[in-house]
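Everything below concerns the one structure shown next.
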There are 2 protein chains.
Amino acid sequence: MSLESVPPKYAQLVQALQRRIESGTYQPGSLLPSEHQLIAEFGVSRPTVVAALRVLREQGWIESQQGKGRFVRGRPAMASVESNRRGQAFLTNPETDSPGKLVEAGSAALPNRVATLLNVQPKSRAFLRRRLVTRDGEPTELVSLWLPLELSEGTDLTSGEPLPQGIREHLQTRKGVRFDHIVEQITARMPTAGEAKQLGMPKNVPLLAVFGAVRDASGLPLVVVEVLLPADRHELEDAYPVR
Amino acid sequence: MSLESVPPKYAQLVQALQRRIESGTYQPGSLLPSEHQLIAEFGVSRPTVVAALRVLREQGWIESQQGKGRFVRGRPAMASVESNRRGQAFLTNPETDSPGKLVEAGSAALPNRVATLLNVQPKSRAFLRRRLVTRDGEPTELVSLWLPLELSEGTDLTSGEPLPQGIREHLQTRKGVRFDHIVEQITARMPTAGEAKQLGMPKNVPLLAVFGAVRDASGLPLVVVEVLLPADRHELEDAYPVR
DNA sequence: ACCCGACAGGTTGTTTTACCAAGTTTGAGC
DNA sequence: GCTCAAACTTGGTAAAACAACCTGTCGGGT
């Protein structure tokens, strides 16, 4: 008896066609064999062929045109561009991964913008955990984490120690909340005197400010992350499909 | 005879189920009716039901678990956040949509960063089309479009008139290139004296600079867009799923 | 000679019926 | 109380038919 599970036929077909596109057997811009030809070659039924081609279309390998056929687009370059989302990393990676110093951890009054993102009354209080991240011994980023007081109770976020677990995992196991997506706002402004000093940057260099509101699937805000980056040392990169 | 086309059955089912989730008939976390129940209620075949449920799963409305059933997640908040991609709009919308003034249109030497994004030799020349976009009569954004000279030949991009057609469509029909995705870089810096004057902004306010490299499906760069935004008047918003 | 419509044959899109496989829960029987 | 089979669930495959769409060809007309 073999314990290794074989992937479904349509998934095997997907891989086979991907290999042919990558190897150049099917040139970008050219016409893919018709459904009937693929049925004959691989010895599967039409629904199986269609299921495989649907996956390829949704992943961007091919595009189809009713009445004409399916055209090869090539290996989707999107997948190879790693998205450098600032907010993402700080939520999933443990703090022990990046060296830094805890600046603040406790209850604090919310800035206006953060209160709006958390969907609470302005000037109300929430839990704040702020860390100065260093790279090569130099301070590079100031990361602030805000969350409602009721969400911070019973967690280890108040501790001065770096969290060995990702914040995402920490909150998910302890409070049962599920992160779903992040709404990100990016602005630029001049640093305050205190920020410039903490980050060791000239006062005439602007600051990139990234606000990330983490929400659950229904859109309810759970946590807000603010990342401050000196603009002369950082830039943000991202990729997305057209239309 | 009626000219209006009816959507396919599976799409109708998708809409019907979405309405029930939105109206609260199906509560988040609860179990969706089984395939058999949906077949009986809507009078369609199983593949049709499965097709609809597959769409809902891929869009994040529900999640499925073999042997147990399908669970309601709720309305995916992602979809309701319209992505405010800067580069996107300037490529698809005709210039006549946004009032503005053409500042430059012709061959120009490439800045280092743009040459890198276009994957050409530094200091080589390319076609530049620069527009100052105004809102409510005030200048708000400086948009620059760079493309290789061979791609600009035979187009109307050299004309001083606003393009009645989107740049994307314009290039696609005239040169046969197909836009696929955009790699975006965001930085902040202080404006030059000329930029501050053109944009009518104070010299001590930073500038958000968005570079968008438009590529085809194979990753070949086609066009580079640069958008300059005074940071006191603009911010960038975006949303993406976690994991 | 040229243009235009009808038509045939190809393609993908949608729907149906049928059956089997795999995971989960339930309850009957020991 | 435990085991295990039955009955549910979703996942996958096969075969068939019709609809919608595109592209040629073959006419007939101007």
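Residue numbering restarts at 1 for every chain of the structure tokens, chains are lettered A, B, ... in their displayed order, and ligands are numbered from 1 as they appear.
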What's the 9 Å shell around range 11-16 of chain D, counting only C-alpha atoms (C1' of nucleotides), without same-chain residues fewer than 4 positions away, as JSON, numbers by chain? {"A": [8, 9, 10, 44, 45, 46, 47, 48], "B": [66], "C": [16, 17, 18, 19, 20, 21, 22]}
Please produce a file of those selected residues containing C-alpha atoms (C1' of nucleotides), as an mmCIF file, in the first residue's frame.
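Saved file again.cif follows:
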```
data_model
loop_
_atom_site.group_PDB
_atom_site.id
_atom_site.type_symbol
_atom_site.label_atom_id
_atom_site.label_comp_id
_atom_site.auth_asym_id
_atom_site.auth_seq_id
_atom_site.Cartn_x
_atom_site.Cartn_y
_atom_site.Cartn_z
ATOM 1 C CA PRO A 8 -6.007 15.200 -8.492
ATOM 2 C CA LYS A 9 -5.797 14.876 -12.245
ATOM 3 C CA TYR A 10 -6.688 18.473 -12.942
ATOM 4 C CA VAL A 44 -9.013 12.892 -19.406
ATOM 5 C CA SER A 45 -12.553 14.220 -19.655
ATOM 6 C CA ARG A 46 -13.549 17.731 -20.630
ATOM 7 C CA PRO A 47 -14.513 18.943 -17.129
ATOM 8 C CA THR A 48 -11.032 17.955 -15.953
ATOM 9 C CA GLN B 66 -14.644 18.565 3.588
ATOM 10 C "C1'" DT C 16 -27.320 18.559 -16.658
ATOM 11 C "C1'" DT C 17 -27.015 13.567 -15.045
ATOM 12 C "C1'" DA C 18 -24.274 10.075 -12.980
ATOM 13 C "C1'" DC C 19 -20.926 7.898 -10.060
ATOM 14 C "C1'" DC C 20 -17.065 7.343 -6.857
ATOM 15 C "C1'" DA C 21 -13.770 9.048 -3.140
ATOM 16 C "C1'" DA C 22 -12.715 11.121 1.242
#
```
Taking 3 positions as the minimum chain separation for residues in the same chain, which residues sit within 12 Å of DC18 in chain D when counting only C-alpha atoms (C1' of nucleotides)? Answer as an MDAnalysis selection string. chainID C and resid 13:16
Need to verify the contact set: DT26 in chain C, 10 Å, only C-alpha atoms (C1' of nucleotides), exclusion of same-chain residues closer than 3 positions in sequence. Can you return it as an MDAnalysis selection string? chainID D and resid 6:8
I'd like the contact shell of DA5 in chain D - 12 Å cut-off, only C-alpha atoms (C1' of nucleotides), skipping same-chain residues fewer than 3 positions apart - returned as a ChimeraX atom specification. /C:26-29
Quick one: contact table of chain C to chain A, 10 Å max, nearest atom pair and distance in Å to one decimal per residue, counting only C-alpha atoms (C1' of nucleotides), chain and number order, as JSON lines?
```
{"residue": "C:DG10", "atom": "C1'", "partner": "A:Gly67", "partner_atom": "CA", "distance": 7.8}
{"residue": "C:DT11", "atom": "C1'", "partner": "A:Gly67", "partner_atom": "CA", "distance": 4.1}
{"residue": "C:DT12", "atom": "C1'", "partner": "A:Gln66", "partner_atom": "CA", "distance": 4.5}
{"residue": "C:DG13", "atom": "C1'", "partner": "A:Gln66", "partner_atom": "CA", "distance": 7.4}
```
Contact check, chain A to chain B, at most 8 Å, counting only C-alpha atoms, closest pairs as a tab-separated table:
```
residue	atom	partner	partner_atom	distance
A:Arg73	CA	B:Ala217	CA	6.2
A:Gly74	CA	B:Ser218	CA	6.0
A:Arg75	CA	B:Ser218	CA	6.4
A:Pro76	CA	B:Ala217	CA	5.9
A:Ala77	CA	B:Gly219	CA	5.5
A:Met78	CA	B:His181	CA	7.1
A:Gln88	CA	B:Val242	CA	7.1
A:Phe179	CA	B:Val242	CA	6.8
A:Asp180	CA	B:Val242	CA	5.4
A:His181	CA	B:Pro241	CA	3.9
A:Ile182	CA	B:Ala239	CA	5.5
A:Val183	CA	B:Ala239	CA	4.2
A:Glu184	CA	B:Asp238	CA	5.1
A:Gln185	CA	B:Glu237	CA	4.4
A:Ile186	CA	B:Leu236	CA	5.0
A:Thr187	CA	B:Glu235	CA	5.0
A:Ala188	CA	B:Ala231	CA	5.4
A:Arg189	CA	B:Pro206	CA	6.1
A:Met190	CA	B:Pro206	CA	7.0
A:Val205	CA	B:Arg189	CA	7.1
A:Pro206	CA	B:Pro206	CA	6.0
A:Leu207	CA	B:Ala188	CA	7.2
A:Leu208	CA	B:Ala188	CA	6.4
A:Ala217	CA	B:Pro76	CA	5.8
A:Ser218	CA	B:Ala77	CA	5.8
A:Gly219	CA	B:Ala77	CA	5.1
A:Ala231	CA	B:Ala188	CA	5.4
A:Asp232	CA	B:Arg189	CA	7.6
A:His234	CA	B:Thr187	CA	7.4
A:Glu235	CA	B:Thr187	CA	5.0
A:Leu236	CA	B:Ile186	CA	5.0
A:Glu237	CA	B:Gln185	CA	4.4
A:Asp238	CA	B:Glu184	CA	5.1
A:Ala239	CA	B:Val183	CA	4.2
A:Tyr240	CA	B:Ile182	CA	5.5
A:Pro241	CA	B:His181	CA	3.9
A:Val242	CA	B:His181	CA	4.8
```
May I have the selected residues written with N, CA and C atoms, as a compact mmCIF listing (two decimals), in the first residue's frame?
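Final output, selection-v5.txt:
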```
# COMPACT_ATOMS: atom_id res chain seq x y z
N ARG A 73 0.07 33.53 -21.91
CA ARG A 73 0.58 34.83 -21.46
C ARG A 73 2.01 34.70 -20.96
N GLY A 74 2.35 33.55 -20.48
CA GLY A 74 3.68 33.36 -19.90
C GLY A 74 3.60 33.19 -18.40
N ARG A 75 4.73 32.91 -17.80
CA ARG A 75 4.78 32.75 -16.36
C ARG A 75 4.41 34.07 -15.71
N PRO A 76 3.42 34.07 -14.83
CA PRO A 76 3.02 35.34 -14.21
C PRO A 76 4.14 35.93 -13.37
N ALA A 77 4.60 37.11 -13.76
CA ALA A 77 5.74 37.73 -13.07
C ALA A 77 5.34 38.22 -11.69
N MET A 78 4.04 38.44 -11.52
CA MET A 78 3.54 38.93 -10.23
C MET A 78 4.03 38.07 -9.07
N GLN A 88 2.72 44.03 7.47
CA GLN A 88 2.66 42.58 7.49
C GLN A 88 3.73 41.96 8.39
N PHE A 179 -7.16 37.76 12.30
CA PHE A 179 -6.79 38.83 11.36
C PHE A 179 -7.21 38.42 9.95
N ASP A 180 -7.71 39.39 9.20
CA ASP A 180 -8.13 39.07 7.84
C ASP A 180 -7.43 39.93 6.80
N HIS A 181 -7.43 41.24 7.00
CA HIS A 181 -6.79 42.10 6.01
C HIS A 181 -6.33 43.39 6.67
N ILE A 182 -5.55 44.15 5.94
CA ILE A 182 -4.97 45.37 6.45
C ILE A 182 -5.30 46.52 5.50
N VAL A 183 -5.79 47.62 6.06
CA VAL A 183 -5.96 48.83 5.27
C VAL A 183 -4.80 49.76 5.61
N GLU A 184 -4.08 50.14 4.60
CA GLU A 184 -2.83 50.84 4.81
C GLU A 184 -2.92 52.27 4.30
N GLN A 185 -2.45 53.21 5.09
CA GLN A 185 -2.38 54.60 4.64
C GLN A 185 -0.93 55.05 4.71
N ILE A 186 -0.49 55.73 3.67
CA ILE A 186 0.89 56.18 3.61
C ILE A 186 0.92 57.70 3.48
N THR A 187 1.63 58.35 4.36
CA THR A 187 1.79 59.79 4.28
C THR A 187 3.26 60.14 4.48
N ALA A 188 3.57 61.40 4.29
CA ALA A 188 4.92 61.88 4.57
C ALA A 188 4.80 63.18 5.35
N ARG A 189 5.72 63.40 6.28
CA ARG A 189 5.73 64.63 7.05
C ARG A 189 7.13 64.85 7.61
N MET A 190 7.37 66.02 8.15
CA MET A 190 8.65 66.28 8.77
C MET A 190 8.64 65.65 10.17
N VAL A 205 15.15 65.98 6.84
CA VAL A 205 14.78 64.83 6.01
C VAL A 205 13.36 64.42 6.37
N PRO A 206 12.48 64.22 5.37
CA PRO A 206 11.10 63.84 5.71
C PRO A 206 11.01 62.42 6.23
N LEU A 207 9.83 62.14 6.78
CA LEU A 207 9.53 60.86 7.39
C LEU A 207 8.41 60.21 6.60
N LEU A 208 8.57 58.94 6.25
CA LEU A 208 7.47 58.18 5.68
C LEU A 208 6.69 57.56 6.83
N ALA A 217 -12.57 39.65 9.22
CA ALA A 217 -13.22 39.48 7.92
C ALA A 217 -14.42 40.40 7.75
N SER A 218 -15.03 40.83 8.85
CA SER A 218 -16.22 41.68 8.73
C SER A 218 -15.85 43.15 8.66
N GLY A 219 -14.58 43.48 8.75
CA GLY A 219 -14.15 44.88 8.66
C GLY A 219 -13.97 45.55 10.00
N ALA A 231 12.96 58.90 5.29
CA ALA A 231 12.81 58.71 3.85
C ALA A 231 14.13 58.59 3.12
N ASP A 232 15.21 59.03 3.73
CA ASP A 232 16.48 58.93 3.03
C ASP A 232 17.07 57.53 3.14
N HIS A 234 14.83 54.59 3.49
CA HIS A 234 13.85 53.55 3.17
C HIS A 234 12.98 53.95 2.00
N GLU A 235 12.50 52.95 1.28
CA GLU A 235 11.38 53.21 0.39
C GLU A 235 10.48 51.99 0.39
N LEU A 236 9.26 52.18 -0.06
CA LEU A 236 8.28 51.11 -0.04
C LEU A 236 8.13 50.56 -1.45
N GLU A 237 8.05 49.26 -1.56
CA GLU A 237 7.85 48.66 -2.87
C GLU A 237 6.66 47.72 -2.82
N ASP A 238 5.98 47.63 -3.95
CA ASP A 238 4.74 46.88 -4.01
C ASP A 238 4.46 46.56 -5.47
N ALA A 239 3.67 45.53 -5.70
CA ALA A 239 3.30 45.18 -7.07
C ALA A 239 1.85 44.76 -7.11
N TYR A 240 1.17 45.10 -8.19
CA TYR A 240 -0.23 44.70 -8.31
C TYR A 240 -0.59 44.59 -9.79
N PRO A 241 -1.58 43.76 -10.12
CA PRO A 241 -1.95 43.58 -11.52
C PRO A 241 -2.76 44.76 -12.03
N VAL A 242 -2.69 44.99 -13.34
CA VAL A 242 -3.48 46.04 -13.97
C VAL A 242 -4.85 45.47 -14.30
```
Run DSSP on the backbone and tell me which residues of range 167-238 of chain A come out as strand (DSSP E or B); list them as a VMD selection string. chain A and resid 181 to 189 207 to 215 221 to 230 236 to 238
Given the selection you just returned, output its residues as a file containing C-alpha atoms, formatted as an mmCIF file, in the first residue's frame.
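Below you can see again_14.cif, which holds the result:
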```cif
data_model
loop_
_atom_site.group_PDB
_atom_site.id
_atom_site.type_symbol
_atom_site.label_atom_id
_atom_site.label_comp_id
_atom_site.auth_asym_id
_atom_site.auth_seq_id
_atom_site.Cartn_x
_atom_site.Cartn_y
_atom_site.Cartn_z
ATOM 1 C CA HIS A 181 -6.788 42.100 6.009
ATOM 2 C CA ILE A 182 -4.974 45.371 6.449
ATOM 3 C CA VAL A 183 -5.957 48.831 5.273
ATOM 4 C CA GLU A 184 -2.826 50.843 4.809
ATOM 5 C CA GLN A 185 -2.379 54.604 4.639
ATOM 6 C CA ILE A 186 0.890 56.180 3.613
ATOM 7 C CA THR A 187 1.786 59.786 4.278
ATOM 8 C CA ALA A 188 4.918 61.884 4.570
ATOM 9 C CA ARG A 189 5.726 64.635 7.050
ATOM 10 C CA LEU A 207 9.534 60.859 7.390
ATOM 11 C CA LEU A 208 7.467 58.181 5.676
ATOM 12 C CA ALA A 209 4.549 57.284 7.942
ATOM 13 C CA VAL A 210 2.705 54.023 7.294
ATOM 14 C CA PHE A 211 -0.533 53.370 9.164
ATOM 15 C CA GLY A 212 -1.909 49.843 8.992
ATOM 16 C CA ALA A 213 -5.362 49.085 10.347
ATOM 17 C CA VAL A 214 -5.728 45.346 10.909
ATOM 18 C CA ARG A 215 -9.298 44.105 10.618
ATOM 19 C CA PRO A 221 -10.713 47.107 13.367
ATOM 20 C CA LEU A 222 -8.569 45.135 15.799
ATOM 21 C CA VAL A 223 -5.107 46.671 15.863
ATOM 22 C CA VAL A 224 -3.408 49.679 14.338
ATOM 23 C CA VAL A 225 0.272 49.663 13.473
ATOM 24 C CA GLU A 226 2.236 52.807 12.747
ATOM 25 C CA VAL A 227 5.659 52.584 11.164
ATOM 26 C CA LEU A 228 7.878 55.653 10.876
ATOM 27 C CA LEU A 229 10.697 55.459 8.330
ATOM 28 C CA PRO A 230 13.318 58.090 7.563
ATOM 29 C CA LEU A 236 8.283 51.108 -0.044
ATOM 30 C CA GLU A 237 7.846 48.664 -2.872
ATOM 31 C CA ASP A 238 4.743 46.880 -4.007
#
```
Step one, run DSSP on the backbone; step two, keep only residues of range 5-85 of chain A assigned to helix (DSSP H, G or I); then write them as a PyMOL selection string. chain A and resi 9-23+35-42+46-59+77-80
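With only C-alpha atoms (C1' of nucleotides) as the atoms that count, the residue of A:Val72, A:Leu149, A:Leu56, A:Ala11 with the shortest distance to chain D is A:Ala11.
When CA of Leu102 in chain A is paired with CA of Lys123 in chain A, their separation reads 23.8 Å.
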Rounded to one decimal in Å, what is the spacing between CA of Val103 in chain A and CA of Leu142 in chain A? 9.2 Å
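From CA of Leu53 in chain B back to CA of Leu32 in chain A, the distance works out to 28.4 Å.
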